[in-house]
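Presented below is the structure to which this report refers.
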Amino acid sequence: MAITDFLLPKPHGLGARTSSITNAAINGILPIAYPTEMEIDKALSFFNQQRGSELACVYCGDPATEWDHLRPLIKDKKPTGEYTQIRNLVPACGKCNQSKGNKYWKDWMLGSAPLSPRNRSKVGLDLRVKNLEEFEKWGKDIDKANLEKTVGHELWDKYLRALNKIYKSIDEAEVVAIEIKAKTVSFEAKKP
Ligand SMILES: [Zn+2]
């Protein structure tokens, strides 16, 4: 079998890391509201599930392994106002959580992403969507977290400026990386 029969691992450039830095930078400063047991019971009741029993992913029905933020905390490198609180948390499986990313849940669920529930031919999607719509209505009552307003414009701006310095450094390193890559590619090509 020739090497070309395989898909070679794609090199991940530095540029691809900026979104994980943004995620960490914003995620790390968002508030967390710890729910009471009663609030967890209420949240799970939208999906006919109970605390203490095996939880199922609300998107696809597989066993749940984690809590997923239904509405994204970050969009276009900015905080959306959502944070970690029970009205925005649903039991999910790893596959769904990773595949969904920062996309709007319904578009993703019924869309054509490789691991979306529809694409994995999961049954009962209509009921799951309906349950999630009801759950989302319940979440609409809660105030959003406006970080800039809470901490003041000056401090917020200071943080954004510090982050922008990181992005600029990444861009600078990326330019050098491309230059180095051009040389290593020709080095590989010379190999017997
Ligand atoms: Zn799932």
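Each chain in the structure tokens gets a letter, A, B, ..., in the order shown, and its residues are numbered from 1; ligands are numbered from 1 in order too.
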Env of Gln85 of chain A: 7 Å cut, atoms = only C-alpha atoms, seq-sep filter 5 positions within chain, self excluded. Answer as an mmCIF file with N, CA, C and O atoms, in the first residue's frame.
```
data_model
loop_
_atom_site.group_PDB
_atom_site.id
_atom_site.type_symbol
_atom_site.label_atom_id
_atom_site.label_comp_id
_atom_site.auth_asym_id
_atom_site.auth_seq_id
_atom_site.Cartn_x
_atom_site.Cartn_y
_atom_site.Cartn_z
ATOM 1 N N ILE A 32 -20.025 31.264 37.821
ATOM 2 C CA ILE A 32 -20.672 29.947 37.875
ATOM 3 C C ILE A 32 -21.732 30.009 38.969
ATOM 4 O O ILE A 32 -21.431 30.377 40.109
ATOM 5 N N ALA A 33 -22.970 29.696 38.622
ATOM 6 C CA ALA A 33 -24.039 29.633 39.627
ATOM 7 C C ALA A 33 -24.308 28.161 39.935
ATOM 8 O O ALA A 33 -24.787 27.434 39.067
ATOM 9 N N TYR A 34 -23.940 27.749 41.144
ATOM 10 C CA TYR A 34 -24.135 26.335 41.505
ATOM 11 C C TYR A 34 -25.610 26.084 41.812
ATOM 12 O O TYR A 34 -26.198 26.799 42.623
ATOM 13 N N PRO A 35 -26.204 25.091 41.163
ATOM 14 C CA PRO A 35 -27.645 24.858 41.349
ATOM 15 C C PRO A 35 -27.952 24.109 42.639
ATOM 16 O O PRO A 35 -27.109 23.371 43.153
#
```
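Selection of all polymer residues within 6 Å of ligand 1 on the basis of only C-alpha atoms and all ligand atoms gives Cys57, Tyr59, Cys60, Gly61, Asp62, Ala92, Cys93, Lys95 and Cys96 of chain A.
Taking atom CA of Leu127 of chain A and atom CA of Asn48 of chain A as the two end points, the separation is 11.1 Å.
Contact shell of Gly52 of chain A at 12 Å (only C-alpha atoms; same-chain neighbours under 6 positions omitted): A:Glu37, A:Ile40, A:Asp41, A:Leu44.
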What's the 12 Å shell around Gly28 of chain A, counting only C-alpha atoms, without same-chain residues fewer than 5 positions away, as a tab-separated table (two decimals) with N, CA, C and O atoms, in the first residue's frame?
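Writing done, so here's around.tsv:
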```tsv
chain	number	residue	atom	x	y	z
A	20	SER	N	-9.07	28.56	20.88
A	20	SER	CA	-8.98	27.90	22.19
A	20	SER	C	-8.44	28.87	23.25
A	20	SER	O	-8.81	28.76	24.42
A	21	ILE	N	-7.61	29.81	22.82
A	21	ILE	CA	-7.13	30.82	23.78
A	21	ILE	C	-8.30	31.74	24.17
A	21	ILE	O	-8.49	32.04	25.36
A	22	THR	N	-9.09	32.16	23.19
A	22	THR	CA	-10.26	32.99	23.50
A	22	THR	C	-11.21	32.26	24.43
A	22	THR	O	-11.72	32.83	25.40
A	23	ASN	N	-11.46	30.98	24.13
A	23	ASN	CA	-12.35	30.19	24.98
A	23	ASN	C	-11.85	30.18	26.43
A	23	ASN	O	-12.62	30.40	27.36
A	73	LEU	N	-21.35	30.13	25.31
A	73	LEU	CA	-20.86	31.20	26.17
A	73	LEU	C	-20.09	32.24	25.35
A	73	LEU	O	-19.97	33.39	25.75
A	74	ILE	N	-19.58	31.77	24.21
A	74	ILE	CA	-18.73	32.64	23.38
A	74	ILE	C	-19.17	32.52	21.93
A	74	ILE	O	-19.43	31.43	21.43
A	79	PRO	N	-17.98	37.24	24.66
A	79	PRO	CA	-18.93	36.57	25.55
A	79	PRO	C	-20.37	36.87	25.11
A	79	PRO	O	-20.67	37.99	24.71
A	83	TYR	N	-23.74	32.06	30.90
A	83	TYR	CA	-22.71	31.56	31.80
A	83	TYR	C	-23.14	30.21	32.33
A	83	TYR	O	-24.15	29.65	31.89
A	84	THR	N	-22.33	29.66	33.26
A	84	THR	CA	-22.62	28.33	33.77
A	84	THR	C	-23.69	28.41	34.86
A	84	THR	O	-23.41	28.85	35.97
```
